[in-house]
Structure formats: C-alpha cells, structure tokens
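Shown here: target-v9.txt, compact mmCIF, C-alpha atoms and all ligand atoms.
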```txt
# COMPACT_ATOMS: atom_id res chain seq x y z
CA MET N 1 23.01 -3.91 -7.54
CA SER N 2 22.56 -1.46 -4.74
CA ASP N 3 19.42 -1.92 -2.73
CA THR N 4 19.53 1.30 -0.78
CA LEU N 5 18.61 4.85 -1.54
CA SER N 6 22.00 6.19 -2.49
CA ARG N 7 23.74 8.78 -0.38
CA ARG N 8 24.08 10.94 -3.49
CA GLU N 9 20.28 10.92 -3.93
CA PHE N 10 19.69 11.66 -0.32
CA LEU N 11 22.21 14.49 -0.03
CA GLY N 12 21.11 15.83 -3.39
CA ALA N 13 17.58 16.07 -2.12
CA ALA N 14 18.62 17.68 1.11
CA SER N 15 20.81 20.31 -0.54
CA GLY N 16 18.09 20.98 -3.11
CA LEU N 17 15.69 21.78 -0.33
CA ALA N 18 18.16 24.01 1.43
CA ALA N 19 18.85 25.96 -1.77
CA GLY N 20 15.15 26.15 -2.53
CA ALA N 21 14.47 27.79 0.78
CA VAL N 22 16.74 30.65 -0.26
CA LEU N 23 16.11 30.80 -3.98
CA GLY N 24 12.39 30.12 -3.88
CA PRO N 25 10.45 29.94 -7.15
CA GLU N 26 13.50 29.35 -9.38
CA LEU N 27 13.66 25.83 -8.01
CA GLY N 28 9.94 25.39 -7.88
CA VAL N 29 9.77 25.82 -4.15
CA GLY N 30 6.91 28.05 -3.13
CA ARG N 31 4.70 27.11 -6.06
CA GLY N 32 3.56 23.88 -4.47
CA ALA N 33 1.27 23.17 -1.59
CA PRO N 34 0.82 25.80 1.13
CA ALA N 35 3.69 25.82 3.60
CA VAL N 36 3.08 24.38 7.03
CA HIS N 37 5.41 24.48 9.97
CA ILE N 38 5.12 21.35 12.01
CA GLN N 39 7.57 20.38 14.69
CA ALA N 40 9.33 17.19 13.61
CA ALA N 41 9.06 13.88 15.42
CA SER N 42 11.75 13.15 17.96
CA LYS N 43 11.33 9.40 17.58
CA ASN N 44 11.10 6.80 14.85
CA VAL N 45 7.52 5.74 14.11
CA ALA N 46 6.02 3.30 11.62
CA VAL N 47 2.37 2.50 10.97
CA ALA N 48 1.07 -0.32 8.79
CA SER N 49 -1.86 -2.54 7.97
CA GLY N 50 -2.65 -5.38 10.40
CA ASN N 51 -0.38 -7.84 8.57
CA GLY N 52 2.53 -5.43 9.08
CA LEU N 53 3.62 -6.13 12.65
CA ARG N 54 6.98 -7.52 11.51
CA ALA N 55 7.23 -4.70 8.97
CA VAL N 56 6.89 -1.89 11.52
CA GLN N 57 9.27 -3.64 13.91
CA ARG N 58 11.89 -3.97 11.15
CA ALA N 59 11.36 -0.42 9.87
CA GLY N 60 11.69 0.93 13.41
CA GLU N 61 14.91 -0.99 14.05
CA LEU N 62 16.43 0.16 10.76
CA MET N 63 15.54 3.81 11.30
CA ALA N 64 17.15 3.58 14.75
CA GLN N 65 20.33 2.50 12.95
CA GLY N 66 20.11 5.58 10.76
CA VAL N 67 18.79 3.84 7.65
CA ASP N 68 16.84 6.09 5.27
CA THR N 69 13.06 6.11 5.84
CA LEU N 70 12.10 4.68 2.44
CA ASP N 71 14.68 1.92 2.66
CA ALA N 72 13.41 1.10 6.16
CA ALA N 73 9.77 0.97 5.05
CA ILE N 74 10.57 -1.22 2.05
CA GLU N 75 12.69 -3.62 4.09
CA GLY N 76 9.66 -3.91 6.36
CA VAL N 77 7.06 -4.70 3.69
CA LYS N 78 9.47 -7.06 1.92
CA ILE N 79 8.95 -9.48 4.79
CA GLN N 80 5.32 -9.90 3.68
CA GLU N 81 6.18 -9.89 -0.02
CA LEU N 82 8.52 -12.84 0.48
CA ASP N 83 6.18 -14.71 2.84
CA PRO N 84 4.31 -17.43 0.88
CA ASN N 85 1.65 -17.53 3.59
CA ASP N 86 0.51 -13.96 3.00
CA ALA N 87 -1.96 -14.50 0.17
CA SER N 88 -2.39 -10.78 -0.43
CA VAL N 89 1.13 -9.64 -1.24
CA GLY N 90 4.06 -10.67 -3.45
CA TYR N 91 5.07 -14.35 -3.51
CA GLY N 92 2.05 -16.50 -2.60
CA GLY N 93 -0.40 -13.72 -3.50
CA PHE N 94 -3.68 -14.95 -4.99
CA PRO N 95 -3.74 -14.73 -8.80
CA ASN N 96 -6.07 -13.11 -11.31
CA GLU N 97 -8.94 -14.97 -13.00
CA GLU N 98 -6.51 -16.74 -15.35
CA GLY N 99 -4.32 -18.01 -12.51
CA VAL N 100 -1.55 -15.44 -13.06
CA VAL N 101 -0.18 -13.44 -10.12
CA GLN N 102 -0.01 -9.73 -11.03
CA LEU N 103 1.49 -7.39 -8.45
CA ASP N 104 1.13 -3.64 -7.83
CA ALA N 105 3.29 -1.37 -5.65
CA SER N 106 4.21 2.26 -5.16
CA CYS N 107 6.38 4.34 -2.86
CA MET N 108 7.28 7.93 -2.04
CA HIS N 109 10.41 9.37 -0.45
CA GLY N 110 9.62 12.53 1.49
CA PRO N 111 13.04 14.22 1.62
CA SER N 112 13.68 14.01 -2.12
CA ARG N 113 9.98 14.37 -3.05
CA ARG N 114 10.19 11.47 -5.47
CA ALA N 115 7.82 8.65 -6.30
CA GLY N 116 7.90 5.31 -8.09
CA ALA N 117 5.35 2.64 -8.96
CA VAL N 118 4.75 -0.59 -10.84
CA GLY N 119 1.46 -2.10 -11.96
CA ALA N 120 0.45 -5.60 -13.12
CA LEU N 121 4.02 -6.83 -12.65
CA GLU N 122 4.47 -10.58 -13.15
CA GLY N 123 7.20 -12.93 -11.96
CA ILE N 124 9.05 -10.66 -9.50
CA LYS N 125 8.60 -11.32 -5.79
CA THR N 126 9.32 -7.81 -4.50
CA PRO N 127 7.40 -5.17 -6.47
CA SER N 128 8.06 -2.57 -3.75
CA VAL N 129 11.77 -2.71 -4.54
CA VAL N 130 11.10 -2.44 -8.27
CA ALA N 131 8.95 0.64 -7.53
CA LYS N 132 11.91 2.10 -5.64
CA TYR N 133 14.15 1.46 -8.65
CA VAL N 134 11.67 3.37 -10.84
CA LEU N 135 11.94 6.22 -8.31
CA LEU N 136 15.73 6.09 -8.19
CA TYR N 137 16.78 5.44 -11.76
CA THR N 138 14.14 6.84 -14.11
CA ASP N 139 12.50 10.12 -14.92
CA HIS N 140 9.14 8.31 -14.86
CA ILE N 141 6.81 7.42 -12.05
CA MET N 142 5.00 4.27 -13.14
CA LEU N 143 5.92 1.25 -15.25
CA VAL N 144 3.41 -1.51 -15.93
CA GLY N 145 3.14 -5.06 -17.25
CA GLU N 146 5.82 -6.45 -19.55
CA GLY N 147 7.80 -3.19 -19.52
CA ALA N 148 7.95 -3.21 -15.74
CA LYS N 149 9.17 -6.80 -15.78
CA ARG N 150 11.87 -6.11 -18.36
CA PHE N 151 12.96 -3.08 -16.33
CA ALA N 152 13.27 -5.26 -13.21
CA LEU N 153 15.16 -8.00 -15.05
CA SER N 154 17.64 -5.44 -16.35
CA TYR N 155 18.63 -4.70 -12.75
CA GLY N 156 19.13 -8.35 -11.91
CA PHE N 157 15.78 -9.13 -10.28
CA LYS N 158 15.05 -12.84 -10.79
CA GLU N 159 11.95 -14.02 -12.63
CA GLU N 160 10.20 -16.65 -10.53
CA ASN N 161 6.91 -18.52 -10.39
CA LEU N 162 4.90 -16.61 -7.80
CA LEU N 163 1.95 -19.00 -7.72
CA THR N 164 2.35 -21.21 -4.66
CA ASP N 165 0.51 -24.52 -4.36
CA ARG N 166 -1.80 -22.98 -1.79
CA ALA N 167 -2.69 -20.05 -4.05
CA ARG N 168 -3.16 -22.38 -7.05
CA GLU N 169 -5.55 -24.58 -5.09
CA ALA N 170 -7.55 -21.57 -3.98
CA TRP N 171 -7.74 -20.36 -7.58
CA LEU N 172 -8.84 -23.80 -8.83
CA HIS N 173 -11.64 -23.87 -6.26
CA TRP N 174 -12.76 -20.44 -7.34
CA ARG N 175 -12.70 -21.43 -11.02
CA ALA N 176 -14.68 -24.61 -10.39
CA ASN N 177 -17.43 -22.77 -8.55
CA ARG N 178 -17.67 -19.45 -10.31
CA GLY N 179 -20.85 -20.34 -12.21
CA SER N 180 -23.19 -23.21 -13.04
CA ARG N 181 -23.30 -22.71 -16.82
CA ASP N 182 -19.62 -22.92 -17.60
CA ASP N 183 -17.60 -25.99 -18.57
CA TRP N 184 -16.12 -26.46 -15.09
CA LEU N 185 -17.79 -28.98 -12.81
CA ASP N 186 -18.64 -27.55 -9.41
CA VAL N 187 -16.79 -29.06 -6.47
CA PRO N 188 -18.94 -30.96 -3.93
CA ARG N 189 -21.09 -28.84 -1.66
CA ASP N 190 -19.27 -29.80 1.49
CA GLU N 191 -15.96 -28.72 0.05
CA ARG N 192 -14.81 -25.40 1.45
CA LEU N 193 -15.31 -22.61 -1.05
CA THR N 194 -12.65 -19.98 -1.41
CA ILE N 195 -13.90 -16.44 -0.99
CA ARG N 196 -12.73 -13.37 -2.83
CA GLU N 197 -9.77 -12.18 -0.83
CA GLN N 198 -8.47 -8.70 -0.27
CA GLY N 199 -5.22 -7.79 1.28
CA THR N 200 -2.20 -5.59 0.91
CA ILE N 201 0.48 -4.08 3.07
CA ASN N 202 0.89 -0.35 3.48
CA CYS N 203 3.65 1.11 5.68
CA ASN N 204 4.20 4.80 6.49
CA VAL N 205 7.19 5.95 8.50
CA VAL N 206 8.76 9.02 10.06
CA ASN N 207 12.20 9.17 11.64
CA SER N 208 13.52 11.23 14.52
CA ARG N 209 14.51 14.01 12.08
CA GLY N 210 10.95 14.25 10.77
CA GLU N 211 11.75 12.61 7.42
CA LEU N 212 8.82 10.68 5.99
CA SER N 213 8.27 7.90 3.47
CA SER N 214 5.52 5.49 2.46
CA VAL N 215 5.09 2.26 0.52
CA THR N 216 2.18 0.01 -0.47
CA THR N 217 2.46 -3.40 -2.12
CA THR N 218 -0.19 -5.96 -3.08
CA SER N 219 -1.28 -8.80 -5.29
CA GLY N 220 -4.56 -6.86 -5.60
CA LEU N 221 -8.02 -8.36 -5.59
CA SER N 222 -7.87 -12.08 -6.11
CA TRP N 223 -9.50 -13.42 -9.29
CA LYS N 224 -9.40 -9.93 -10.80
CA ILE N 225 -9.68 -9.35 -14.55
CA PRO N 226 -6.17 -9.69 -16.02
CA GLY N 227 -4.59 -6.27 -16.31
CA ARG N 228 -6.69 -4.77 -13.52
CA VAL N 229 -4.65 -2.31 -11.50
CA GLY N 230 -5.92 -1.21 -8.10
CA ASP N 231 -5.15 1.74 -5.87
CA SER N 232 -1.87 0.45 -4.44
CA PRO N 233 0.38 1.64 -7.30
CA ILE N 234 -1.46 4.95 -7.74
CA ILE N 235 0.45 7.80 -6.14
CA GLY N 236 -2.05 9.69 -3.99
CA ALA N 237 -4.40 6.72 -3.65
CA GLY N 238 -2.49 3.67 -2.35
CA GLN N 239 0.02 5.83 -0.53
CA TYR N 240 1.25 9.43 -0.36
CA THR N 241 3.96 11.36 1.46
CA ASP N 242 4.42 15.09 1.90
CA ASN N 243 7.59 15.62 3.87
CA ASP N 244 6.20 18.83 5.41
CA VAL N 245 3.06 17.16 6.73
CA GLY N 246 2.83 13.38 6.93
CA ALA N 247 2.30 10.12 5.10
CA ALA N 248 -0.76 7.93 4.56
CA GLY N 249 -1.86 4.82 2.73
CA SER N 250 -4.63 2.30 2.42
CA THR N 251 -5.77 -1.28 2.08
CA GLY N 252 -9.15 -2.49 0.88
CA ARG N 253 -11.30 -1.88 -2.17
CA GLY N 254 -9.00 0.03 -4.48
CA GLU N 255 -11.73 1.18 -6.85
CA ALA N 256 -13.40 3.11 -4.00
CA ASN N 257 -10.14 4.70 -2.92
CA ILE N 258 -8.93 5.77 -6.37
CA LYS N 259 -11.99 7.99 -6.82
CA VAL N 260 -11.12 10.12 -3.79
CA CYS N 261 -7.30 9.97 -4.04
CA GLY N 262 -7.55 8.78 -0.44
CA ALA N 263 -3.93 8.83 0.68
CA PHE N 264 -3.45 12.33 -0.73
CA LEU N 265 -6.71 13.48 0.81
CA THR N 266 -5.72 12.11 4.22
CA VAL N 267 -2.43 14.02 4.05
CA GLU N 268 -4.32 17.14 2.99
CA PHE N 269 -6.64 16.81 5.99
CA MET N 270 -3.54 16.55 8.21
CA ARG N 271 -2.12 19.66 6.53
CA ARG N 272 -5.23 21.51 7.68
CA GLY N 273 -4.49 20.45 11.25
CA MET N 274 -6.36 17.17 11.71
CA LYS N 275 -4.78 14.37 13.70
CA PRO N 276 -3.97 11.25 11.66
CA THR N 277 -6.97 9.27 12.96
CA ASP N 278 -9.43 12.10 12.31
CA ALA N 279 -7.96 12.65 8.86
CA ALA N 280 -8.41 8.96 8.03
CA LEU N 281 -12.03 9.02 9.29
CA GLU N 282 -12.79 12.10 7.21
CA THR N 283 -11.42 10.39 4.11
CA LEU N 284 -13.70 7.40 4.75
CA ARG N 285 -16.69 9.76 4.92
CA ARG N 286 -15.67 11.13 1.54
CA VAL N 287 -15.46 7.59 0.17
CA ILE N 288 -19.04 6.92 1.29
CA ALA N 289 -20.19 10.19 -0.28
CA THR N 290 -18.70 9.17 -3.63
CA SER N 291 -19.78 5.52 -3.56
CA GLU N 292 -22.26 4.20 -6.07
CA PRO N 293 -25.60 3.17 -4.50
CA ARG N 294 -25.02 -0.48 -5.47
CA LEU N 295 -22.10 -0.54 -3.02
CA LEU N 296 -24.09 0.77 -0.04
CA ASP N 297 -26.71 -1.04 2.04
CA GLU N 298 -30.10 0.44 2.84
CA GLN N 299 -28.58 2.30 5.80
CA GLY N 300 -25.88 3.83 3.63
CA ARG N 301 -23.10 1.58 4.95
CA PRO N 302 -20.48 0.42 2.45
CA THR N 303 -20.61 -3.27 1.56
CA PHE N 304 -16.84 -3.29 1.02
CA GLY N 305 -13.82 -2.77 3.24
CA LEU N 306 -11.32 0.10 3.18
CA THR N 307 -8.82 1.23 5.83
CA PHE N 308 -6.53 4.26 5.93
CA TYR N 309 -3.31 4.46 7.97
CA ALA N 310 -1.50 7.72 8.67
CA VAL N 311 1.44 9.27 10.49
CA ASN N 312 2.27 12.95 10.75
CA LYS N 313 5.60 14.72 10.90
CA LYS N 314 5.36 14.92 14.69
CA GLY N 315 5.15 11.13 14.94
CA GLU N 316 1.46 10.96 15.83
CA PHE N 317 -0.20 8.03 14.07
CA GLY N 318 -3.56 6.34 13.62
CA ALA N 319 -5.86 4.39 11.34
CA ALA N 320 -9.55 4.24 10.53
CA ALA N 321 -11.85 1.73 8.86
CA PHE N 322 -15.57 1.35 8.24
CA THR N 323 -15.88 -1.36 10.90
CA PRO N 324 -13.60 -2.49 13.79
CA ARG N 325 -10.17 -3.61 12.64
CA ARG N 326 -6.60 -3.85 13.91
CA TYR N 327 -3.50 -2.21 12.52
CA ALA N 328 0.19 -2.38 13.38
CA ALA N 329 2.44 0.38 14.66
CA PHE N 330 5.91 0.95 16.02
CA ASP N 331 5.59 3.89 18.42
CA GLY N 332 9.29 4.56 18.92
CA GLU N 333 9.72 1.78 21.46
CA THR N 334 7.56 -1.23 20.70
CA ALA N 335 5.69 -2.77 17.81
CA ALA N 336 2.10 -3.73 18.59
CA HIS N 337 -1.38 -4.07 17.18
CA HIS N 338 -3.81 -1.22 17.86
CA ASP N 339 -7.54 -0.75 17.31
CA ALA N 340 -8.39 1.45 14.37
CA ALA N 341 -11.13 4.06 14.70
CA TYR N 342 -14.29 3.11 12.83
CA LEU N 343 -17.58 4.50 11.54
CA PHE N 344 -19.91 1.51 11.99
CA GLU N 345 -20.13 -1.12 14.72
CA ARG N 346 -20.37 -4.06 12.37
CA GLU N 347 -20.37 -5.17 8.75
CA PRO N 348 -23.63 -4.56 6.83
N1 LIG N 401 -6.20 -2.20 -2.30
C1 LIG N 401 -5.92 -3.42 -3.00
C2 LIG N 401 -6.43 -3.31 -4.40
O1 LIG N 401 -7.52 -2.81 -4.60
C3 LIG N 401 -6.51 -4.63 -2.39
C4 LIG N 401 -6.54 -4.70 -0.92
O2 LIG N 401 -5.95 -3.91 -0.23
O3 LIG N 401 -7.20 -5.60 -0.41
O4 LIG N 401 -5.77 -3.80 -5.27
```
Any chance you could give the structure as structure tokens?
Amino acid sequence: MSDTLSRREFLGAASGLAAGAVLGPELGVGRGAPAVHIQAASKNVAVASGNGLRAVQRAGELMAQGVDTLDAAIEGVKIQELDPNDASVGYGGFPNEEGVVQLDASCMHGPSRRAGAVGALEGIKTPSVVAKYVLLYTDHIMLVGEGAKRFALSYGFKEENLLTDRAREAWLHWRANRGSRDDWLDVPRDERLTIREQGTINCNVVNSRGELSSVTTTSGLSWKIPGRVGDSPIIGAGQYTDNDVGAAGSTGRGEANIKVCGAFLTVEFMRRGMKPTDAALETLRRVIATSEPRLLDEQGRPTFGLTFYAVNKKGEFGAAAFTPRRYAAFDGETAAHHDAAYLFEREP
C-alpha cells in the first residue's frame, strides 16, 4: 500500500489549478473565496503544538527533500501517534469512559484542495494516515466508527490494542474515583488521582514553493462519553488549509472551537491581512464571545484551554492561547519551542 500522496494526484491538482486560471468558472475557480495574492514562502516551515518538536523537525527535513507537504506533516505527527508515552494521541492515548481508545484525525492538502477525516476510530494506531486515505481514495470527507475501521483494514492497516498499561491504570483510577455513590470503591486518599487530560497534535506546514497542508490527530478528551467526537476531525475546526492564504489548527477544548470553526476563522483573518499570531488571538477572542457563562470565571476568563497555531503562505508563523504556553516550530533552519501569544497572564 502506498503511503504517499501519489504523483498523479499531485500533478492532477496542479494542472487543474493551471487550467482553472484560464477557464475560470467552468472549473469552479472564481466562485470560491476572494482571491488574494500573497508572495509564497521561500523556505520550508512547520508549526505544531508543544508536543510536536519532533514532528516539525521531521516535516522540515522531508520538505527539504522535496516530499509533498501533506506527506511531510503526517510523517511528523505519526511520531506522536506511535509514541506510547504521549497520552493524548494515537497509541497510548487515554480512553473514553468505558476504557476504549477512540481516535479522531483530519487533514487538508492545499495544492489539490482536498480533505479527509476520521472520527471515533478504534484499533488503528495512525488515524492521520487513515484520514489521508479518505482524502486520496474516496469521494467523501469523513468516515466514523466501525465504518472508518473497516475502511482502514481494507487498506492493510493492522488492528491493535491501543490501550497501554499506563493508560489503563489512569483510566482505572478515574473510574474508581469518579463518584461516591457508584459501585466502585474509591482509592485511598493519598493515592495520586488522575486528572482529566487534554492533548492533541496539530501540524501546519508550508514549503519553499508556497504549498500548504495541515493535519490534526488526537485521542480526544480522556474519559469522554463513548462516541464523542471533538474538533480535531472537523474540517475548519481542528485544522484548515487554504493554499492561497495559509493553514491553521488547534488543540484544547474541542467543543469551544467547533462553535467558531476556529481553524477556518484563523485562515480567514489571515486572508484579510492579519499575521498568523494576530489571527490566532482574534479567533480566541471570538471563542470567548461565544462561550457559555458556565465556562467563564467572574472576570470573563475561560476556565478551559484552547490554542491556535498558524502559518501563512509567506512562511510567517505563530500561535496564541488564553494563558502562557509553548509551541513547536521549524523556521526553515531549526526546530525549537517558542512562546505563544496569550490573552491572560494566568489560569483563572
Ligand atoms: N481538541 C481535542 C478534542 O477536543 C482535545 C485536545 O486537544 O486536548 O478532542
């Protein structure tokens, strides 16, 4: 099974765009978003959530070798998906309230303007790759649950137990302590309680030809209600790419992001001329404006976390969160952690 965006797809997309520029509306070009003319990046750049240092390094190296931007981004995030010590993504991700690991992922390929996603996928370690297969081989955008698993198995993905011993123990602690009126005995007071974890990896890239792609993959909120799907597999929320403008994505409370289509909104703010960091900050302000009062403290600060990461076609990048946080970026030369912009000094 091929694991790369095929040359046929890539060239097909490129020639489609070239023809569209001449033929206009017949091919649908010109009916979409307003045209913008942004000078393309002259370097390879990748921006990701804080757990994505290895991802941006890998994506940067691969783009330097001429690998397609989506393939490079997915190879990057796969490192976290396959890492049993990252409890927020893929193998080793914390399970839902029944102890089952359900994974979400989505991706977009700028040059071909295509998207793919999977939701509540069980038993497959690399949902980002399955999302890419949806993009490549179907006329659909999102497959979920059992259907997504059968789709993956048909391409030779292996079904595996994703619940590591560490994740199982964390889940058992949570189950024992979730309430005092259930049939589970609480664990002793001095035993460390496991908190509700969040985590995800988002990676957005642009190459030296100005081609963009994005991917987000997660095990979602730990102890979630079975079947819950967050923002990560939602195109426009968990990630979004417009090859004329930029790419953006998020980590954090998916329910808050879905309501503002945050990745799409961040790209739209960049289309209007905002720098990636300013666009991400503006999206966070919109999130606050649409948040239910129960999720804000008395000073109007969100009681949840959410971070947006963005890169534009020129290769400028940035991230913003409610409170201080680090993110990872490859700036064309080195991979490093950077400070995200933020709205509030500290957590409520
Ligand atoms: N955004 C993910 C979700 O809501 C979780 C996270 O990033 O922490 O599923």
Got a sec: who's within 10 Å of Val129 in chain N, counting all atoms listed in the file, leaving out chain neighbours fewer than 3 positions off, as a PDB file with C-alpha atoms, in the coordinates of the input?
```pdb
ATOM      1  CA  ASP N   3      19.420  -1.920  -2.730  1.00  0.00           C
ATOM      2  CA  THR N   4      19.530   1.300  -0.780  1.00  0.00           C
ATOM      3  CA  ASP N  71      14.680   1.920   2.660  1.00  0.00           C
ATOM      4  CA  ILE N  74      10.570  -1.220   2.050  1.00  0.00           C
ATOM      5  CA  GLU N  75      12.690  -3.620   4.090  1.00  0.00           C
ATOM      6  CA  VAL N  77       7.060  -4.700   3.690  1.00  0.00           C
ATOM      7  CA  LYS N  78       9.470  -7.060   1.920  1.00  0.00           C
ATOM      8  CA  ALA N 105       3.290  -1.370  -5.650  1.00  0.00           C
ATOM      9  CA  SER N 106       4.210   2.260  -5.160  1.00  0.00           C
ATOM     10  CA  CYS N 107       6.380   4.340  -2.860  1.00  0.00           C
ATOM     11  CA  GLY N 116       7.900   5.310  -8.090  1.00  0.00           C
ATOM     12  CA  ALA N 117       5.350   2.640  -8.960  1.00  0.00           C
ATOM     13  CA  VAL N 118       4.750  -0.590 -10.840  1.00  0.00           C
ATOM     14  CA  ILE N 124       9.050 -10.660  -9.500  1.00  0.00           C
ATOM     15  CA  LYS N 125       8.600 -11.320  -5.790  1.00  0.00           C
ATOM     16  CA  THR N 126       9.320  -7.810  -4.500  1.00  0.00           C
ATOM     17  CA  LYS N 132      11.910   2.100  -5.640  1.00  0.00           C
ATOM     18  CA  TYR N 133      14.150   1.460  -8.650  1.00  0.00           C
ATOM     19  CA  VAL N 134      11.670   3.370 -10.840  1.00  0.00           C
ATOM     20  CA  LEU N 135      11.940   6.220  -8.310  1.00  0.00           C
ATOM     21  CA  ALA N 152      13.270  -5.260 -13.210  1.00  0.00           C
ATOM     22  CA  PHE N 157      15.780  -9.130 -10.280  1.00  0.00           C
ATOM     23  CA  VAL N 215       5.090   2.260   0.520  1.00  0.00           C
ATOM     24  CA  THR N 217       2.460  -3.400  -2.120  1.00  0.00           C
TER      25      THR N 217
END
```
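Across the model, the gap from CA of Ala55 in chain N to CA of Lys149 in chain N is 24.9 Å.
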Point to revise | At most 6 Å from ligand LIG 401 (chain N) (all atoms listed in the file): residue list as number ranges by chain | key: N: 198-200, 220-221, 230-232, 251-254
Check your understanding: Expressed in Å to a single decimal, how great is the separation between CA of Tyr342 in chain N and CA of Asp278 in chain N?
Key ->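 A separation of 10.2 Å between them.
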Grab all the atoms of range 168-184 of chain N that the file lists, wrap them in a box along x, y and z, add 3 Å per side, and give me centre plus edge lengths in Å (one decimal) as AutoDock Vina command-line options.
```
--center_x -13.2 --center_y -23.0 --center_z -11.3 --size_x 26.1 --size_y 13.0 --size_z 20.6
```
Practice item. Between N:Arg54, N:His140, N:Arg168, N:Arg181, single out the one closest to His337 in chain N, counting only C-alpha atoms. Key: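 Closest candidate: N:Arg54.
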Review point. If we count only C-alpha atoms, what is near Lys259 in chain N at a cut-off of 12 Å, once residues fewer than 6 positions away on the same chain are taken out, given as number ranges by chain?
Key: N: 230-231, 234, 236-238, 253, 265, 283-284, 286-292
**Study point:** Distance criterion (all atoms listed in the file): nearest to Val144 in chain N out of N:Ala167, N:Val267, N:Val56, N:Val229
**Key:** N:Val229
Exercise for review: May I ask for the distance between CA of Trp171 in chain N and CA of Gly92 in chain N, given in Å to one decimal place?
Suggested key: 11.6 Å
Exercise for review: Check the smallest atom-to-atom distance from each of N:Leu163, N:Ala115, N:Leu172, N:Ala72 to Leu185 in chain N using all atoms listed in the file, then report the winner.
Suggested key: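 Closest to Leu185 in chain N, using all atoms listed in the file: N:Leu172.
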Review point. Got a sec to check which residues sit within 12 Å of (15.6, 3.4, 5.4), counting only C-alpha atoms, and write them as number ranges by chain?
Key: N: 3-7, 10, 44, 46, 56, 58-77, 109-111, 132, 204-207, 211-215
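For the residues N:Ser49, N:Lys224, N:Leu343, N:Ile141, ranking by smallest atom-to-atom distance to Gly300 in chain N using only C-alpha atoms places N:Leu343 first.
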